[in-house]
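A short write-up of the structure that comes next.
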Amino acid sequence: MQTPIHRSTLLVLVLLPLLSSCFFARFNTNEPLSRPDIARLQPGTTTAKQAVELLGAPTEVVQLGRRTAYRYHYTLAKNTGLLVTIFGLYNEDVRSDRLWLFFDEHQKLTHHGATFASSNVSYSLPWSSVRGDNERP
Amino acid sequence: MVCLLSLSSCISVNWKRWNWHEPVTDAQLTHLEPGRSTLDDCLSALGAPNEIAEYHGSGAALTYSWLNQRHLGFSISYSLGQMSELSMNYDDHDINIEAVVLLFDEDLMLEVVRRGFLADMAPNSRRPASLETDN
């Protein structure tokens, strides 16, 4: 005796291969930056030693003549991929929190600049608009 | 549907987008004036740059870069037997990162603002200048 196949079951069987290839991936680089710690930095007062004690080791130190610039960054990437039969869709969204500290030749902080954009990162597809377009602090 | 599924191993059409960081708008640059704007003015207006490099000894080159690019490509392949395969691939994969570069003199006063593709403008990577010979 044959078992009747319901239309919904048939539909699932047809659609199942379409869903076989999709992925969401998230990549973190470094630790998030701490806004309260950054707020404690005082140009003209904070030394390089104090900055490193507060924030840890920078990811990069750039020599600018007798000055130096320390870089801190936290990067977040979200990737989305979808393969529907012969059509492949892929999106990569990358945002970062960045902090640069400028020290004079006496290792005193003279300037600093920060950007916090990692919260704007999103999973999306190629046609969608993403948060943070045309934005910079 | 069955035909499409059977073709999936030999034909593929790909639509990709890369969205890296935030673009710098012209409006953000209007308040920056070479010869008058300081490093603090620029950091307040644009935030932290992606890269910093040495410029003319004690000066600095700040680079703000971003990418918002879409790309459509396709590939076709057909097996001609056990030992050979025919394939064609169209994948225009040039990535053009856009950037704004701010150049500061040794007093950290804004000297030049440049906008364009990063590959055309980024300062060449090199060893830092000797402190005895700079200036």
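Chain labels A, B, ... are given in the sequence in which chains occur in the structure tokens; within each chain residues are numbered consecutively from 1, and ligands are likewise numbered from 1 in the order shown.
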Open item on the list: Can you pull out the residues contacting region 32-46 of chain B? Cut-off 8 Å, using only C-alpha atoms, and skip same-chain residues under 5 positions away; I want them as a ChimeraX atom specification.
Closed with: /A:111-114,136-137 /B:24,104,108-113
Written file, previous selection with N, CA and C atoms, as a CSV table (one decimal), in the first residue's frame:
```
chain,number,residue,atom,x,y,z
A,111,HIS,N,48.1,64.7,22.2
A,111,HIS,CA,46.8,64.6,21.5
A,111,HIS,C,46.3,63.2,21.5
A,112,HIS,N,45.0,63.0,21.4
A,112,HIS,CA,44.4,61.7,21.2
A,112,HIS,C,43.1,61.8,20.4
A,113,GLY,N,42.8,60.8,19.7
A,113,GLY,CA,41.6,60.7,18.9
A,113,GLY,C,41.0,59.3,18.9
A,114,ALA,N,39.7,59.2,19.0
A,114,ALA,CA,39.1,57.9,19.1
A,114,ALA,C,37.9,57.8,18.2
A,136,ARG,N,30.8,59.3,10.4
A,136,ARG,CA,32.1,59.2,11.1
A,136,ARG,C,31.9,60.2,12.3
A,137,PRO,N,32.5,59.8,13.4
A,137,PRO,CA,32.3,60.7,14.6
A,137,PRO,C,33.0,62.0,14.4
B,24,VAL,N,34.5,59.1,4.7
B,24,VAL,CA,34.6,60.5,5.1
B,24,VAL,C,33.8,61.3,4.1
B,104,PHE,N,50.4,66.6,7.9
B,104,PHE,CA,50.6,67.6,9.0
B,104,PHE,C,52.1,67.9,9.0
B,108,LEU,N,52.5,70.0,13.6
B,108,LEU,CA,51.2,69.3,13.5
B,108,LEU,C,50.1,70.2,13.1
B,109,MET,N,50.4,71.1,12.2
B,109,MET,CA,49.4,72.0,11.5
B,109,MET,C,49.0,71.3,10.2
B,110,LEU,N,47.7,71.3,9.9
B,110,LEU,CA,47.3,70.7,8.6
B,110,LEU,C,47.9,71.4,7.4
B,111,GLU,N,48.6,70.6,6.6
B,111,GLU,CA,49.3,71.1,5.4
B,111,GLU,C,48.5,70.8,4.1
B,112,VAL,N,48.1,69.6,4.0
B,112,VAL,CA,47.4,69.2,2.7
B,112,VAL,C,46.3,68.2,3.0
B,113,VAL,N,45.2,68.3,2.3
B,113,VAL,CA,44.1,67.2,2.3
B,113,VAL,C,44.1,66.6,1.0
```
TODO: Fewer than 3 positions away in the same chain doesn't count, so skip those; otherwise give me all residues within 6 Å of region 70-84 of chain A, counting only C-alpha atoms, as a PyMOL selection string.
DONE: chain A and resi 18+21-32+58-61+87-101+118+123
TODO: Starting from chain B, keep only residues with some atom at most 6 Å from an atom of chain A, counting only C-alpha atoms, and report them as JSON, numbers by chain.
DONE: {"B": [5, 8, 12, 13, 14, 15, 16, 17, 18, 19, 20, 21, 22, 23, 43, 46, 47, 48, 54, 57, 58]}
Task: alpha helix (DSSP H) positions in chain A, given as JSON, numbers by chain - done: {"A": [7, 8, 9, 10, 11, 12, 13, 14, 15, 35, 36, 37, 38, 39, 48, 49, 50, 51, 52, 53, 54, 55]}
Write the selection just made, keeping N, CA and C atoms, as a PDB file, in the first residue's frame?
```
ATOM      1  N   ARG A   7       1.390  17.640   0.219  1.00  0.00           N
ATOM      2  CA  ARG A   7       2.003  18.718  -0.575  1.00  0.00           C
ATOM      3  C   ARG A   7       3.053  19.476   0.221  1.00  0.00           C
ATOM      4  N   SER A   8       2.771  19.672   1.516  1.00  0.00           N
ATOM      5  CA  SER A   8       3.733  20.415   2.349  1.00  0.00           C
ATOM      6  C   SER A   8       5.053  19.651   2.482  1.00  0.00           C
ATOM      7  N   THR A   9       4.960  18.334   2.589  1.00  0.00           N
ATOM      8  CA  THR A   9       6.178  17.528   2.685  1.00  0.00           C
ATOM      9  C   THR A   9       6.972  17.637   1.392  1.00  0.00           C
ATOM     10  N   LEU A  10       6.241  17.607   0.301  1.00  0.00           N
ATOM     11  CA  LEU A  10       6.888  17.714  -1.005  1.00  0.00           C
ATOM     12  C   LEU A  10       7.582  19.077  -1.140  1.00  0.00           C
ATOM     13  N   LEU A  11       6.876  20.106  -0.659  1.00  0.00           N
ATOM     14  CA  LEU A  11       7.438  21.457  -0.736  1.00  0.00           C
ATOM     15  C   LEU A  11       8.729  21.554   0.085  1.00  0.00           C
ATOM     16  N   VAL A  12       8.706  20.965   1.271  1.00  0.00           N
ATOM     17  CA  VAL A  12       9.905  20.983   2.120  1.00  0.00           C
ATOM     18  C   VAL A  12      11.051  20.262   1.424  1.00  0.00           C
ATOM     19  N   LEU A  13      10.730  19.126   0.805  1.00  0.00           N
ATOM     20  CA  LEU A  13      11.780  18.354   0.126  1.00  0.00           C
ATOM     21  C   LEU A  13      12.379  19.141  -1.044  1.00  0.00           C
ATOM     22  N   VAL A  14      11.518  19.927  -1.713  1.00  0.00           N
ATOM     23  CA  VAL A  14      12.015  20.728  -2.844  1.00  0.00           C
ATOM     24  C   VAL A  14      12.844  21.895  -2.347  1.00  0.00           C
ATOM     25  N   LEU A  15      12.399  22.542  -1.248  1.00  0.00           N
ATOM     26  CA  LEU A  15      13.082  23.749  -0.759  1.00  0.00           C
ATOM     27  C   LEU A  15      14.335  23.439   0.054  1.00  0.00           C
ATOM     28  N   ARG A  35      35.755  52.850  27.009  1.00  0.00           N
ATOM     29  CA  ARG A  35      35.511  54.300  26.990  1.00  0.00           C
ATOM     30  C   ARG A  35      35.863  54.966  28.317  1.00  0.00           C
ATOM     31  N   PRO A  36      35.488  54.380  29.477  1.00  0.00           N
ATOM     32  CA  PRO A  36      35.850  55.034  30.743  1.00  0.00           C
ATOM     33  C   PRO A  36      37.365  55.186  30.913  1.00  0.00           C
ATOM     34  N   ASP A  37      38.122  54.160  30.474  1.00  0.00           N
ATOM     35  CA  ASP A  37      39.585  54.262  30.582  1.00  0.00           C
ATOM     36  C   ASP A  37      40.122  55.355  29.668  1.00  0.00           C
ATOM     37  N   ILE A  38      39.543  55.449  28.468  1.00  0.00           N
ATOM     38  CA  ILE A  38      40.002  56.479  27.526  1.00  0.00           C
ATOM     39  C   ILE A  38      39.688  57.873  28.067  1.00  0.00           C
ATOM     40  N   ALA A  39      38.563  57.990  28.754  1.00  0.00           N
ATOM     41  CA  ALA A  39      38.180  59.290  29.315  1.00  0.00           C
ATOM     42  C   ALA A  39      39.152  59.756  30.397  1.00  0.00           C
ATOM     43  N   ALA A  48      53.277  58.131  28.717  1.00  0.00           N
ATOM     44  CA  ALA A  48      53.154  56.893  27.950  1.00  0.00           C
ATOM     45  C   ALA A  48      53.072  55.691  28.890  1.00  0.00           C
ATOM     46  N   LYS A  49      53.855  55.750  29.971  1.00  0.00           N
ATOM     47  CA  LYS A  49      53.849  54.645  30.944  1.00  0.00           C
ATOM     48  C   LYS A  49      52.460  54.487  31.571  1.00  0.00           C
ATOM     49  N   GLN A  50      51.861  55.617  31.947  1.00  0.00           N
ATOM     50  CA  GLN A  50      50.531  55.565  32.552  1.00  0.00           C
ATOM     51  C   GLN A  50      49.482  55.072  31.548  1.00  0.00           C
ATOM     52  N   ALA A  51      49.638  55.497  30.291  1.00  0.00           N
ATOM     53  CA  ALA A  51      48.680  55.069  29.251  1.00  0.00           C
ATOM     54  C   ALA A  51      48.749  53.559  29.054  1.00  0.00           C
ATOM     55  N   VAL A  52      49.960  53.030  29.049  1.00  0.00           N
ATOM     56  CA  VAL A  52      50.117  51.587  28.847  1.00  0.00           C
ATOM     57  C   VAL A  52      49.603  50.816  30.060  1.00  0.00           C
ATOM     58  N   GLU A  53      49.805  51.369  31.260  1.00  0.00           N
ATOM     59  CA  GLU A  53      49.257  50.712  32.458  1.00  0.00           C
ATOM     60  C   GLU A  53      47.726  50.694  32.413  1.00  0.00           C
ATOM     61  N   LEU A  54      47.151  51.758  31.837  1.00  0.00           N
ATOM     62  CA  LEU A  54      45.694  51.882  31.792  1.00  0.00           C
ATOM     63  C   LEU A  54      45.084  51.023  30.686  1.00  0.00           C
ATOM     64  N   LEU A  55      45.694  51.048  29.499  1.00  0.00           N
ATOM     65  CA  LEU A  55      45.076  50.434  28.314  1.00  0.00           C
ATOM     66  C   LEU A  55      45.770  49.150  27.861  1.00  0.00           C
TER      67      LEU A  55
END
```
- [ ] Kindly give the distance, in Å, that separates CA of Ala53 (chain B) and CA of Thr45 (chain A), rounded to a single decimal.
- [x] 24.5 Å
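Residue neighbourhood of Val100 (chain B), excluding near-sequence residues (fewer than 2 positions): Pro23, Val24, Thr25, Leu29, Pro49, Leu62, Thr63, Tyr64, Ser65, Trp66, Glu98, Leu102, Leu103, Val113, Arg114, Arg115, Gly116, Phe117, Leu118, Met121 and Ala122 of chain B, at 10 Å, using only C-alpha atoms.
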Open item on the list: I need the residue nearest Ala99 (chain B) from this list: B:Ser77, B:Thr30, B:Asn68, B:Ser130. Use only C-alpha atoms for the distance.
Closed with: B:Asn68
Open item on the list: So that I can check the secondary structure, give me every residue of region 33-63 of chain B assigned strand (DSSP E) by backbone DSSP, as a ChimeraX atom specification.
Closed with: /B:51-55,59-63
Expected file: the selected residues, C-alpha atoms, as an mmCIF file, in the first residue's frame:
```
data_model
loop_
_atom_site.group_PDB
_atom_site.id
_atom_site.type_symbol
_atom_site.label_atom_id
_atom_site.label_comp_id
_atom_site.auth_asym_id
_atom_site.auth_seq_id
_atom_site.Cartn_x
_atom_site.Cartn_y
_atom_site.Cartn_z
ATOM 1 C CA GLU B 51 46.749 54.478 9.749
ATOM 2 C CA ILE B 52 49.426 57.013 10.682
ATOM 3 C CA ALA B 53 52.818 57.352 9.072
ATOM 4 C CA GLU B 54 55.796 59.636 9.420
ATOM 5 C CA TYR B 55 55.794 62.609 7.042
ATOM 6 C CA GLY B 59 55.231 65.542 10.549
ATOM 7 C CA ALA B 60 52.442 62.992 10.285
ATOM 8 C CA ALA B 61 50.277 61.518 7.543
ATOM 9 C CA LEU B 62 46.859 60.410 8.776
ATOM 10 C CA THR B 63 44.935 58.020 6.522
#
```
